[in-house]
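Peer 1: Following this line is final_0.cif, made up of mmCIF, C-alpha atoms:
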data_structure
#
loop_
_atom_site.label_atom_id
_atom_site.label_comp_id
_atom_site.auth_asym_id
_atom_site.auth_seq_id
_atom_site.Cartn_x
_atom_site.Cartn_y
_atom_site.Cartn_z
CA MET A 1 0.00 0.00 0.00
CA SER A 2 1.42 3.36 -0.96
CA GLY A 3 0.67 6.61 0.84
CA GLY A 4 -2.47 7.49 -1.10
CA ASP A 5 -3.97 4.02 -1.57
CA LYS A 6 -7.08 2.95 0.33
CA LEU A 7 -6.87 -0.32 2.24
CA ASP A 8 -10.04 -2.40 2.55
CA PHE A 9 -10.73 -4.00 5.93
CA GLU A 10 -12.03 -7.56 6.14
CA ILE A 11 -14.51 -7.88 9.02
CA ARG A 12 -14.44 -11.19 10.90
CA PRO A 13 -16.82 -10.88 13.87
CA ASN A 14 -15.86 -12.72 17.04
CA PRO A 15 -17.88 -15.98 17.00
CA ALA A 16 -17.94 -16.08 20.80
CA PRO A 17 -18.21 -12.51 22.12
CA VAL A 18 -18.62 -11.72 25.81
CA SER A 19 -22.29 -11.90 26.78
CA ALA A 20 -24.21 -8.69 27.44
CA ALA A 21 -24.58 -9.60 31.11
CA ASP A 22 -20.89 -10.37 31.58
CA ARG A 23 -19.93 -7.22 29.67
CA ALA A 24 -22.14 -5.10 31.92
CA ALA A 25 -20.49 -6.60 35.00
CA LEU A 26 -17.03 -5.82 33.62
CA LEU A 27 -18.01 -2.26 32.71
CA ALA A 28 -19.30 -1.57 36.22
CA ASN A 29 -15.71 -1.18 37.41
CA PRO A 30 -13.26 -1.57 34.51
CA GLY A 31 -10.30 0.20 36.15
CA PHE A 32 -7.57 0.99 33.63
CA GLY A 33 -5.95 -1.48 31.24
CA ARG A 34 -7.42 -4.63 32.81
CA VAL A 35 -10.50 -5.31 30.66
CA PHE A 36 -10.45 -5.72 26.88
CA THR A 37 -13.07 -5.75 24.13
CA ASP A 38 -14.04 -8.60 21.82
CA HIS A 39 -12.08 -7.53 18.74
CA MET A 40 -8.78 -6.14 17.48
CA VAL A 41 -7.41 -4.74 14.24
CA THR A 42 -4.42 -6.27 12.46
CA ILE A 43 -2.59 -5.05 9.34
CA ARG A 44 0.58 -6.58 7.95
CA TYR A 45 3.51 -5.03 6.13
CA ALA A 46 6.20 -6.61 3.96
CA GLU A 47 9.07 -4.93 2.17
CA GLY A 48 8.23 -4.70 -1.54
CA LYS A 49 4.54 -5.41 -0.90
CA GLY A 50 3.53 -2.61 1.42
CA TRP A 51 0.55 -2.72 3.79
CA TYR A 52 -1.88 -5.59 3.26
CA ASP A 53 -4.33 -8.01 4.91
CA ALA A 54 -6.25 -5.46 7.01
CA ARG A 55 -8.65 -7.19 9.36
CA VAL A 56 -11.05 -6.61 12.21
CA GLU A 57 -11.11 -9.93 14.00
CA ALA A 58 -11.55 -11.61 17.36
CA ARG A 59 -9.05 -10.45 19.95
CA ALA A 60 -6.64 -13.34 20.46
CA PRO A 61 -3.00 -14.10 21.28
CA ILE A 62 -0.52 -13.21 18.55
CA PRO A 63 1.57 -16.17 17.33
CA MET A 64 5.23 -15.20 17.50
CA ASP A 65 8.45 -16.94 16.57
CA PRO A 66 11.18 -16.72 19.26
CA ALA A 67 13.45 -15.15 16.64
CA SER A 68 11.00 -12.33 15.86
CA ALA A 69 13.08 -9.17 15.50
CA VAL A 70 11.12 -7.14 18.06
CA LEU A 71 12.12 -9.54 20.85
CA HIS A 72 15.80 -8.88 20.22
CA TYR A 73 16.10 -5.30 18.95
CA ALA A 74 12.93 -3.62 20.30
CA GLN A 75 11.62 -2.20 17.02
CA GLU A 76 8.23 -1.26 18.47
CA ILE A 77 6.07 1.86 18.73
CA PHE A 78 2.62 2.61 20.10
CA GLU A 79 -0.01 5.28 20.68
CA GLY A 80 -2.78 5.90 23.20
CA LEU A 81 -6.05 7.77 22.77
CA LYS A 82 -9.68 7.51 23.84
CA ALA A 83 -13.14 7.14 22.34
CA TYR A 84 -15.92 8.90 24.25
CA ARG A 85 -19.69 8.53 24.35
CA SER A 86 -21.07 12.07 24.19
CA ALA A 87 -24.30 13.26 25.80
CA ASP A 88 -26.23 12.94 22.51
CA GLY A 89 -25.11 9.33 22.04
CA ALA A 90 -22.46 10.01 19.42
CA VAL A 91 -18.99 8.50 19.69
CA THR A 92 -16.06 10.89 19.45
CA LEU A 93 -12.27 10.77 19.20
CA PHE A 94 -9.99 13.57 20.36
CA ARG A 95 -7.41 14.64 17.77
CA PRO A 96 -6.79 11.19 16.22
CA GLU A 97 -4.96 12.84 13.31
CA ALA A 98 -2.39 14.17 15.81
CA ASN A 99 -1.81 10.65 17.11
CA ALA A 100 -1.52 9.45 13.51
CA ALA A 101 1.14 12.08 12.80
CA ARG A 102 3.09 11.17 15.94
CA PHE A 103 2.87 7.48 15.00
CA VAL A 104 4.46 8.33 11.65
CA ALA A 105 7.21 10.33 13.40
CA SER A 106 7.90 7.47 15.83
CA ALA A 107 8.05 5.00 12.95
CA HIS A 108 10.55 7.19 11.13
CA ARG A 109 12.80 7.38 14.21
CA LEU A 110 12.68 3.60 14.73
CA ALA A 111 13.36 2.90 11.02
CA MET A 112 9.91 1.36 10.56
CA PRO A 113 7.40 1.73 7.68
CA GLU A 114 5.02 4.68 8.00
CA LEU A 115 1.32 3.83 8.24
CA PRO A 116 -0.75 6.42 6.32
CA ALA A 117 -2.76 8.68 8.63
CA GLU A 118 -5.99 7.81 6.81
CA THR A 119 -5.46 4.11 7.53
CA PHE A 120 -4.53 4.80 11.16
CA VAL A 121 -7.75 6.74 11.82
CA GLU A 122 -9.87 4.28 9.86
CA SER A 123 -8.48 1.38 11.93
CA LEU A 124 -9.66 3.15 15.09
CA ARG A 125 -13.11 3.82 13.64
CA ARG A 126 -13.53 0.21 12.53
CA LEU A 127 -12.65 -1.18 15.97
CA VAL A 128 -14.84 1.29 17.85
CA GLU A 129 -17.73 0.58 15.47
CA ILE A 130 -17.74 -3.16 16.12
CA ASP A 131 -17.06 -2.81 19.87
CA ARG A 132 -19.23 0.25 20.49
CA ASP A 133 -21.15 -1.49 23.28
CA TRP A 134 -17.91 -1.65 25.28
CA ILE A 135 -17.76 2.13 25.77
CA PRO A 136 -18.63 2.64 29.44
CA GLU A 137 -21.31 5.07 30.58
CA GLY A 138 -20.34 7.91 32.87
CA SER A 139 -18.74 11.34 32.76
CA ASP A 140 -15.24 10.01 33.47
CA ALA A 141 -15.51 6.83 31.39
CA SER A 142 -14.00 6.13 27.97
CA LEU A 143 -12.74 3.42 25.67
CA TYR A 144 -8.95 3.52 25.66
CA LEU A 145 -7.44 2.66 22.27
CA ARG A 146 -3.94 1.26 21.92
CA PRO A 147 -2.54 1.17 18.37
CA PHE A 148 0.91 -0.42 18.18
CA MET A 149 3.35 -1.83 15.64
CA PHE A 150 6.32 -4.14 15.93
CA ALA A 151 8.94 -5.91 13.82
CA SER A 152 7.60 -9.40 13.12
CA GLU A 153 10.28 -10.68 10.75
CA VAL A 154 12.02 -13.86 11.91
CA PHE A 155 15.63 -12.72 11.68
CA LEU A 156 18.54 -12.10 14.07
CA GLY A 157 20.63 -9.65 12.07
CA VAL A 158 20.95 -6.08 13.32
CA ARG A 159 19.06 -4.08 10.68
CA PRO A 160 15.57 -2.70 10.18
CA ALA A 161 13.14 -5.58 9.77
CA ASN A 162 11.40 -6.29 6.48
CA GLU A 163 8.08 -7.39 8.03
CA TYR A 164 5.81 -5.69 10.58
CA LEU A 165 2.47 -6.17 12.29
CA TYR A 166 0.22 -3.22 13.18
CA CYS A 167 -2.55 -3.84 15.72
CA VAL A 168 -5.19 -1.92 17.64
CA ILE A 169 -6.75 -3.20 20.85
CA ALA A 170 -9.30 -1.47 23.08
CA SER A 171 -9.81 -1.34 26.84
CA PRO A 172 -12.79 0.20 28.68
CA ALA A 173 -11.56 2.70 31.25
CA GLY A 174 -13.33 4.20 34.24
CA ALA A 175 -12.32 7.27 36.23
CA TYR A 176 -8.54 7.44 36.48
CA PHE A 177 -8.86 8.86 40.01
CA ALA A 178 -11.11 6.66 42.17
CA GLY A 179 -11.68 9.41 44.75
CA GLY A 180 -11.60 12.41 42.45
CA VAL A 181 -8.66 14.44 41.22
CA LYS A 182 -6.01 14.70 43.93
CA PRO A 183 -2.54 16.28 43.89
CA VAL A 184 0.26 13.74 43.50
CA THR A 185 3.71 13.68 45.06
CA VAL A 186 6.61 13.40 42.61
CA TRP A 187 10.20 12.22 43.00
CA VAL A 188 13.04 14.04 41.22
CA SER A 189 15.44 11.30 40.16
CA PRO A 190 19.07 12.06 41.04
CA ASP A 191 20.57 9.13 39.12
CA TYR A 192 18.41 8.19 36.16
CA THR A 193 17.61 10.10 32.96
CA ARG A 194 14.86 9.34 30.49
CA ALA A 195 16.47 10.32 27.19
CA ALA A 196 19.50 12.07 25.72
CA PRO A 197 19.87 14.39 22.71
CA GLY A 198 19.86 12.31 19.55
CA GLY A 199 18.05 9.45 21.27
CA THR A 200 14.45 8.27 21.09
CA GLY A 201 12.94 10.65 23.66
CA ALA A 202 10.56 12.22 21.14
CA ALA A 203 9.34 8.83 19.87
CA LYS A 204 6.60 6.86 21.58
CA CYS A 205 8.42 3.55 21.84
CA GLY A 206 8.33 0.91 24.53
CA GLY A 207 12.05 1.19 25.25
CA ASN A 208 11.59 4.69 26.69
CA TYR A 209 9.09 3.38 29.21
CA ALA A 210 11.16 0.32 30.08
CA ALA A 211 14.09 2.62 30.82
CA SER A 212 11.92 4.65 33.20
CA LEU A 213 10.77 1.74 35.36
CA ALA A 214 13.77 1.62 37.70
CA ALA A 215 13.35 5.32 38.42
CA GLN A 216 9.60 4.86 38.88
CA ALA A 217 10.26 2.06 41.37
CA GLU A 218 12.61 4.44 43.20
CA ALA A 219 9.84 7.03 43.29
CA ILE A 220 7.34 4.58 44.76
CA GLU A 221 9.86 3.53 47.40
CA ALA A 222 10.13 7.23 48.34
CA GLY A 223 6.35 7.44 48.75
CA CYS A 224 5.72 9.20 45.43
CA GLU A 225 3.31 8.46 42.60
CA GLN A 226 5.49 9.64 39.73
CA VAL A 227 9.13 10.27 38.84
CA VAL A 228 10.45 13.51 37.32
CA PHE A 229 13.47 13.29 35.01
CA LEU A 230 16.11 15.96 34.58
CA ASP A 231 18.07 16.49 31.37
CA ALA A 232 20.79 13.99 30.52
CA VAL A 233 23.51 16.55 29.75
CA GLU A 234 23.65 18.93 32.72
CA ARG A 235 21.26 17.16 35.12
CA ARG A 236 19.73 20.60 35.85
CA PHE A 237 16.67 21.11 33.71
CA VAL A 238 13.28 19.43 34.00
CA ASP A 239 12.40 17.17 31.07
CA GLU A 240 9.17 15.34 31.86
CA LEU A 241 7.60 12.77 34.15
CA GLY A 242 7.78 9.05 33.54
CA GLY A 243 4.68 9.16 31.34
CA MET A 244 3.47 12.76 31.26
CA ASN A 245 4.51 16.28 30.31
CA VAL A 246 4.75 18.97 33.00
CA PHE A 247 3.54 22.58 33.30
CA PHE A 248 4.38 25.38 35.76
CA VAL A 249 1.86 28.14 36.62
CA TYR A 250 3.25 31.44 37.98
CA ASP A 251 1.69 34.20 40.05
CA ASP A 252 1.06 36.39 37.00
CA GLY A 253 -0.87 33.60 35.29
CA THR A 254 1.96 32.58 32.95
CA LEU A 255 2.16 28.90 32.02
CA VAL A 256 5.62 27.49 31.28
CA THR A 257 6.52 24.04 29.98
CA PRO A 258 9.92 22.65 28.88
CA PRO A 259 10.57 22.99 25.14
CA LEU A 260 10.48 20.07 22.71
CA SER A 261 14.19 19.64 22.28
CA GLY A 262 14.14 16.05 21.02
CA THR A 263 14.29 14.45 24.46
CA ILE A 264 10.65 15.10 25.41
CA LEU A 265 7.60 13.35 23.98
CA PRO A 266 5.43 15.85 22.06
CA GLY A 267 2.24 15.14 23.99
CA ILE A 268 -1.14 15.58 22.30
CA THR A 269 -2.58 16.79 25.62
CA ARG A 270 0.44 19.08 26.12
CA ASP A 271 -0.23 20.76 22.79
CA ALA A 272 -3.93 21.13 23.62
CA VAL A 273 -3.15 22.71 27.00
CA LEU A 274 -0.88 25.28 25.34
CA ALA A 275 -3.66 26.26 22.94
CA LEU A 276 -6.43 26.33 25.56
CA ALA A 277 -4.34 28.31 28.03
CA ALA A 278 -3.50 30.94 25.42
CA ARG A 279 -7.15 31.19 24.39
CA SER A 280 -8.12 31.63 28.06
CA GLY A 281 -5.82 34.63 28.41
CA HIS A 282 -2.75 33.02 29.92
CA ARG A 283 0.67 33.86 28.62
CA VAL A 284 2.34 30.60 27.59
CA GLU A 285 6.05 29.93 27.26
CA GLU A 286 8.11 26.96 26.19
CA ARG A 287 11.49 27.37 27.87
CA PRO A 288 13.87 25.41 30.10
CA ILE A 289 13.07 25.24 33.82
CA SER A 290 15.88 24.22 36.16
CA PHE A 291 15.14 22.18 39.26
CA ALA A 292 16.88 24.88 41.33
CA ASP A 293 14.48 27.51 39.95
CA TRP A 294 11.52 25.19 40.55
CA GLN A 295 12.49 24.90 44.21
CA ALA A 296 13.30 28.61 44.65
CA ASP A 297 10.12 29.82 42.94
CA ALA A 298 7.99 27.48 45.03
CA ALA A 299 9.62 28.80 48.21
CA SER A 300 9.10 32.44 47.23
CA GLY A 301 5.47 31.90 46.23
CA ARG A 302 6.12 33.03 42.69
CA LEU A 303 5.28 29.53 41.48
CA ARG A 304 1.64 28.85 42.34
CA GLU A 305 0.77 25.58 40.61
CA VAL A 306 2.39 22.65 38.82
CA PHE A 307 0.57 19.95 36.88
CA ALA A 308 1.31 16.98 34.66
CA CYS A 309 -0.72 16.09 31.58
CA GLY A 310 -1.23 13.07 29.37
CA THR A 311 -3.89 10.92 27.73
CA ALA A 312 -4.70 8.64 30.66
CA ALA A 313 -5.21 11.15 33.48
CA VAL A 314 -5.69 14.27 31.29
CA ILE A 315 -4.39 16.84 33.82
CA THR A 316 -2.94 15.87 37.20
CA PRO A 317 -2.06 18.49 39.86
CA ILE A 318 1.32 18.12 41.56
CA GLY A 319 1.25 19.10 45.23
CA ARG A 320 4.56 17.94 46.70
CA VAL A 321 8.07 17.41 45.34
CA ARG A 322 10.60 15.07 46.94
CA PHE A 323 14.30 14.59 46.23
CA PRO A 324 17.20 12.99 48.14
CA ASP A 325 17.91 16.11 50.23
CA GLY A 326 14.34 16.99 51.17
CA GLU A 327 10.95 18.03 49.85
CA PHE A 328 8.78 21.09 49.25
CA LEU A 329 5.15 21.99 48.58
CA ILE A 330 3.66 23.71 45.56
CA GLY A 331 1.42 26.48 46.91
CA GLU A 332 -0.56 24.89 49.72
CA GLY A 333 -0.22 21.42 48.21
CA GLY A 334 -3.76 21.34 46.82
CA PRO A 335 -5.06 21.48 43.24
CA GLY A 336 -4.75 25.02 41.89
CA ARG A 337 -7.51 27.06 40.27
CA ALA A 338 -5.86 27.34 36.85
CA THR A 339 -5.04 23.63 36.81
CA MET A 340 -8.61 22.57 37.54
CA ALA A 341 -10.14 25.13 35.16
CA LEU A 342 -7.99 23.85 32.30
CA ARG A 343 -8.80 20.25 33.19
CA GLU A 344 -12.55 20.83 33.25
CA GLN A 345 -12.41 22.71 29.95
CA LEU A 346 -10.33 20.04 28.23
CA VAL A 347 -12.47 17.14 29.50
CA ALA A 348 -15.66 18.86 28.31
CA ILE A 349 -14.20 19.39 24.84
CA GLN A 350 -12.93 15.80 24.62
CA ARG A 351 -16.41 14.49 25.37
CA GLY A 352 -18.07 16.77 22.83
CA GLU A 353 -19.87 18.68 25.59
CA ALA A 354 -18.30 22.12 25.11
CA GLU A 355 -17.35 24.50 22.34
CA ASP A 356 -14.54 23.06 20.23
CA PRO A 357 -12.92 26.16 18.72
CA HIS A 358 -9.94 24.24 17.35
CA GLY A 359 -11.93 21.45 15.67
CA TRP A 360 -10.20 18.77 17.72
CA VAL A 361 -13.12 16.38 18.19
CA GLN A 362 -14.03 13.85 15.48
CA ARG A 363 -17.51 12.32 15.59
CA ILE A 364 -16.84 8.86 14.19
CA LEU A 365 -20.20 7.17 14.92
#
As structure tokens, please, write out the structure in this file.
Peer 2:
Amino acid sequence: MSGGDKLDFEIRPNPAPVSAADRAALLANPGFGRVFTDHMVTIRYAEGKGWYDARVEARAPIPMDPASAVLHYAQEIFEGLKAYRSADGAVTLFRPEANAARFVASAHRLAMPELPAETFVESLRRLVEIDRDWIPEGSDASLYLRPFMFASEVFLGVRPANEYLYCVIASPAGAYFAGGVKPVTVWVSPDYTRAAPGGTGAAKCGGNYAASLAAQAEAIEAGCEQVVFLDAVERRFVDELGGMNVFFVYDDGTLVTPPLSGTILPGITRDAVLALAARSGHRVEERPISFADWQADAASGRLREVFACGTAAVITPIGRVRFPDGEFLIGEGGPGRATMALREQLVAIQRGEAEDPHGWVQRIL
């Protein structure tokens, strides 16, 4: 399949789907990433042939040879986004074309074939259409979609693979915060870094997350929910959290976030926050923030709020910061006004329940 060709999907309905009663029981408390729908999408790629054999089929284990290239050289990328059931019964996606573009960029960095954006979005629509009944009801509920691609060629040489498998699976998700949105405590890692200039920090690949797990375990041991990484060169400037971008809110209403220098994932939610904040009258800046300045500005009161943002939790207030030599609070340690206003605005837009001035929401069903 070339960039402009249309790929036809073969639909193979699951012959033994979960019963309506069992599905309802699962949707009553799906949690996050524990429950999965009846179907998945698969598309194959071969060098010289392009993309082919697009299917919507029963979700099932993927047969894999022990010499599959991904198991040895980690050629793998993924995305994460949500389908929502709006108040009028429609099903919406939030900025799927942005996820498609980032998927292409990640593929390029990992020397993988680029899936056309049209096919990426259509694969999401096809899966949501057949598994529409799996979208949970509720203001904080959604259907989390996980597109991913990996090198499936059976080969042990160190080179880009010639065969790949693209898949999409779906997982019903309830409220990310069981007791409502609460400020989290973060750990500033003194020893580990997430990515270095020239590395894969801007790509959404599994290796970045695997490399963060030791630091995340360190954060949990210190009584924190998330780890914060500093830059790999000077160990001074804030990069991002283990799985989220970070924003700083100052006393004059200015929002600041670290710039996309190649070591930070260009978050879809991050980009949306920048646009919404500017539209709401905030001054927004993308510039380096040192950990020393973070600590000093929090102590002086100049820094009023800090929050993290990403697909899963949308916007998460940060109330306390810990590091080997101590800790400090952000403001009074509670969720700030600007943080919560931006969160409420973004959630309403995502669900198709508020004005969408940027045209971000796609009604797919």
Peer 1: Run through the PyMOL selection byres ((chain A and resi 244-249) around 6) on the given coordinates and return the selected residues as a PyMOL selection string.
Peer 2: chain A and resi 240-241+243+250+254-257+304-310
Peer 1: Have a look at A:Arg126, A:Arg235, A:Arg95, A:Arg283 and name the one nearest to Val361 of chain A; count all atoms listed in the file.
Peer 2: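 Using all atoms listed in the file, the shortest distance to Val361 of chain A belongs to A:Arg95.
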Peer 1: Contacts of Gly334 of chain A at 10 Å or less, counting only C-alpha atoms, minus same-chain residues fewer than 3 places along, as a PDB file with C-alpha atoms, in the coordinates of the input?
Peer 2:
ATOM      1  CA  LYS A 182      -6.010  14.700  43.930  1.00  0.00           C
ATOM      2  CA  PRO A 183      -2.540  16.280  43.890  1.00  0.00           C
ATOM      3  CA  VAL A 184       0.260  13.740  43.500  1.00  0.00           C
ATOM      4  CA  GLU A 305       0.770  25.580  40.610  1.00  0.00           C
ATOM      5  CA  PRO A 317      -2.060  18.490  39.860  1.00  0.00           C
ATOM      6  CA  ILE A 318       1.320  18.120  41.560  1.00  0.00           C
ATOM      7  CA  GLY A 319       1.250  19.100  45.230  1.00  0.00           C
ATOM      8  CA  ARG A 320       4.560  17.940  46.700  1.00  0.00           C
ATOM      9  CA  LEU A 329       5.150  21.990  48.580  1.00  0.00           C
ATOM     10  CA  ILE A 330       3.660  23.710  45.560  1.00  0.00           C
ATOM     11  CA  GLY A 331       1.420  26.480  46.910  1.00  0.00           C
ATOM     12  CA  ARG A 337      -7.510  27.060  40.270  1.00  0.00           C
TER      13      ARG A 337
END
Peer 1: Could you pull the residues within 12 Å of Ala214 of chain A, counting only C-alpha atoms, minus those fewer than 4 positions along the same chain, as a list in words?
Peer 2: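 So the residues in contact are Ser189, Asp191, Tyr192, Thr193, Arg194, Asn208, Tyr209, Ala210, Glu218, Ala219, Ile220, Glu221, Gln226, Val227, Phe229 and Gly242 of chain A.
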Peer 1: List as JSON, numbers by chain the protein and nucleic acid residues near segment 80-94 of chain A, meaning an atom at most 7 Å away when all atoms listed in the file are counted, but skip any in the same chain fewer than 2 places from it.
Peer 2: {"A": [96, 135, 142, 143, 144, 145, 146, 147, 311, 350, 351, 352, 353, 360, 361, 362, 363, 364, 365]}
Peer 1: Quote the spacing between atom CA of Thr316 of chain A and atom CA of Val347 of chain A in Å to one decimal place.
Peer 2: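 Distance reported for this atom pair: 12.3 Å.
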Peer 1: Expand the PyMOL selection byres ((chain A and resi 162) around 12) into the explicit residue set it covers here, and present it as number ranges by chain.
Peer 2: A: 44-51, 68-70, 75, 111-113, 150-161, 163-165
Peer 1: Which residue gives the smallest distance to Gly262 of chain A among A:Ile11, A:Cys224, A:Ala354, A:Ala203, with only C-alpha atoms counted?
Peer 2: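 Of the candidates, the smallest distance to Gly262 of chain A is held by A:Ala203.
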Peer 1: Hey, which bits of segment 216-267 of chain A sit within 12 Å of segment 97-103 of chain A, and for each residue what's the closest pair of atoms and how far apart in Å (one decimal), counting only C-alpha atoms, rows by chain and increasing number, as a Markdown table?
Peer 2:
| residue | atom | partner | partner_atom | distance |
| --- | --- | --- | --- | --- |
| A:Leu265 | CA | A:Arg102 | CA | 9.5 |
| A:Pro266 | CA | A:Arg102 | CA | 8.1 |
| A:Gly267 | CA | A:Arg102 | CA | 9.0 |
Peer 1: As an exercise, work out the distance from atom CA of Ala312 of chain A to atom CA of Asp271 of chain A in Å and give it to one decimal place.
Peer 2: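 Rounded to one decimal, the two atoms are 15.1 Å apart.
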Peer 1: Written as a ChimeraX atom specification, which residues does the PyMOL selection byres ((chain A and resi 9) around 12) give for the file shown?
Peer 2: /A:6-8,10-12,40-44,51-57,119-120,122-127
Peer 1: Residues around (12.5, 9.4, 23.7), cut-off 7 Å, counting only C-alpha atoms - what are they as a PDB file with C-alpha atoms, in the coordinates of the input?
Peer 2:
ATOM      1  CA  ALA A 195      16.470  10.320  27.190  1.00  0.00           C
ATOM      2  CA  GLY A 199      18.050   9.450  21.270  1.00  0.00           C
ATOM      3  CA  THR A 200      14.450   8.270  21.090  1.00  0.00           C
ATOM      4  CA  GLY A 201      12.940  10.650  23.660  1.00  0.00           C
ATOM      5  CA  ALA A 202      10.560  12.220  21.140  1.00  0.00           C
ATOM      6  CA  ALA A 203       9.340   8.830  19.870  1.00  0.00           C
ATOM      7  CA  LYS A 204       6.600   6.860  21.580  1.00  0.00           C
ATOM      8  CA  ASN A 208      11.590   4.690  26.690  1.00  0.00           C
ATOM      9  CA  THR A 263      14.290  14.450  24.460  1.00  0.00           C
ATOM     10  CA  ILE A 264      10.650  15.100  25.410  1.00  0.00           C
ATOM     11  CA  LEU A 265       7.600  13.350  23.980  1.00  0.00           C
TER      12      LEU A 265
END
Peer 1: In Å, how far is it from atom CA of Leu27 of chain A to atom CA of Met340 of chain A?
Peer 2: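 Between atom CA of Leu27 of chain A and atom CA of Met340 of chain A the gap is 27.0 Å.
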Peer 1: Just give me the residues with any atom within 12 Å of (16.5, 14.5, 51.2), file coordinates, counting all atoms listed in the file, written as a list in words.
Peer 2: Trp187, Val188, Ser189, Pro190, Ala222, Val321, Arg322, Phe323, Pro324, Asp325, Gly326, Glu327 and Phe328 of chain A
Peer 1: Please output segment 301-306 of chain A, rebuilt to include all heavy atoms, as a PDB file, in the coordinates of the input.
Peer 2:
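Below is the file that was written, selection-v8.pdb:
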ATOM      1  N   GLY A 301       6.888  31.713  46.541  1.00  0.00           N
ATOM      2  CA  GLY A 301       5.470  31.900  46.230  1.00  0.00           C
ATOM      3  C   GLY A 301       5.215  32.359  44.817  1.00  0.00           C
ATOM      4  O   GLY A 301       4.062  32.494  44.400  1.00  0.00           O
ATOM      5  N   ARG A 302       6.288  32.608  44.085  1.00  0.00           N
ATOM      6  CA  ARG A 302       6.120  33.030  42.690  1.00  0.00           C
ATOM      7  C   ARG A 302       5.494  31.911  41.861  1.00  0.00           C
ATOM      8  O   ARG A 302       4.673  32.165  40.977  1.00  0.00           O
ATOM      9  CB  ARG A 302       7.475  33.435  42.112  1.00  0.00           C
ATOM     10  CG  ARG A 302       7.414  33.896  40.672  1.00  0.00           C
ATOM     11  CD  ARG A 302       8.716  34.545  40.224  1.00  0.00           C
ATOM     12  NE  ARG A 302       8.659  34.828  38.790  1.00  0.00           N
ATOM     13  CZ  ARG A 302       9.269  34.098  37.859  1.00  0.00           C
ATOM     14  NH1 ARG A 302      10.006  33.058  38.211  1.00  0.00           N
ATOM     15  NH2 ARG A 302       9.153  34.411  36.582  1.00  0.00           N
ATOM     16  N   LEU A 303       5.867  30.682  42.153  1.00  0.00           N
ATOM     17  CA  LEU A 303       5.280  29.530  41.480  1.00  0.00           C
ATOM     18  C   LEU A 303       4.056  29.081  42.262  1.00  0.00           C
ATOM     19  O   LEU A 303       4.167  28.689  43.427  1.00  0.00           O
ATOM     20  CB  LEU A 303       6.304  28.383  41.389  1.00  0.00           C
ATOM     21  CG  LEU A 303       5.822  27.092  40.731  1.00  0.00           C
ATOM     22  CD1 LEU A 303       5.520  27.317  39.259  1.00  0.00           C
ATOM     23  CD2 LEU A 303       6.873  25.986  40.897  1.00  0.00           C
ATOM     24  N   ARG A 304       2.893  29.133  41.635  1.00  0.00           N
ATOM     25  CA  ARG A 304       1.640  28.850  42.340  1.00  0.00           C
ATOM     26  C   ARG A 304       1.135  27.426  42.135  1.00  0.00           C
ATOM     27  O   ARG A 304       0.550  26.832  43.037  1.00  0.00           O
ATOM     28  CB  ARG A 304       0.568  29.836  41.888  1.00  0.00           C
ATOM     29  CG  ARG A 304       0.883  31.290  42.231  1.00  0.00           C
ATOM     30  CD  ARG A 304       0.917  31.508  43.745  1.00  0.00           C
ATOM     31  NE  ARG A 304       1.304  32.854  44.101  1.00  0.00           N
ATOM     32  CZ  ARG A 304       0.486  33.899  44.128  1.00  0.00           C
ATOM     33  NH1 ARG A 304      -0.777  33.748  43.785  1.00  0.00           N
ATOM     34  NH2 ARG A 304       0.922  35.091  44.477  1.00  0.00           N
ATOM     35  N   GLU A 305       1.311  26.897  40.923  1.00  0.00           N
ATOM     36  CA  GLU A 305       0.770  25.580  40.610  1.00  0.00           C
ATOM     37  C   GLU A 305       1.721  24.834  39.679  1.00  0.00           C
ATOM     38  O   GLU A 305       2.444  25.453  38.901  1.00  0.00           O
ATOM     39  CB  GLU A 305      -0.598  25.691  39.926  1.00  0.00           C
ATOM     40  CG  GLU A 305      -1.632  26.513  40.667  1.00  0.00           C
ATOM     41  CD  GLU A 305      -2.888  26.756  39.835  1.00  0.00           C
ATOM     42  OE1 GLU A 305      -3.281  25.829  39.077  1.00  0.00           O
ATOM     43  OE2 GLU A 305      -3.463  27.862  39.920  1.00  0.00           O
ATOM     44  N   VAL A 306       1.681  23.499  39.770  1.00  0.00           N
ATOM     45  CA  VAL A 306       2.390  22.650  38.820  1.00  0.00           C
ATOM     46  C   VAL A 306       1.455  21.489  38.489  1.00  0.00           C
ATOM     47  O   VAL A 306       0.775  20.965  39.381  1.00  0.00           O
ATOM     48  CB  VAL A 306       3.711  22.101  39.390  1.00  0.00           C
ATOM     49  CG1 VAL A 306       4.413  21.203  38.358  1.00  0.00           C
ATOM     50  CG2 VAL A 306       4.641  23.242  39.806  1.00  0.00           C
TER      51      VAL A 306
END
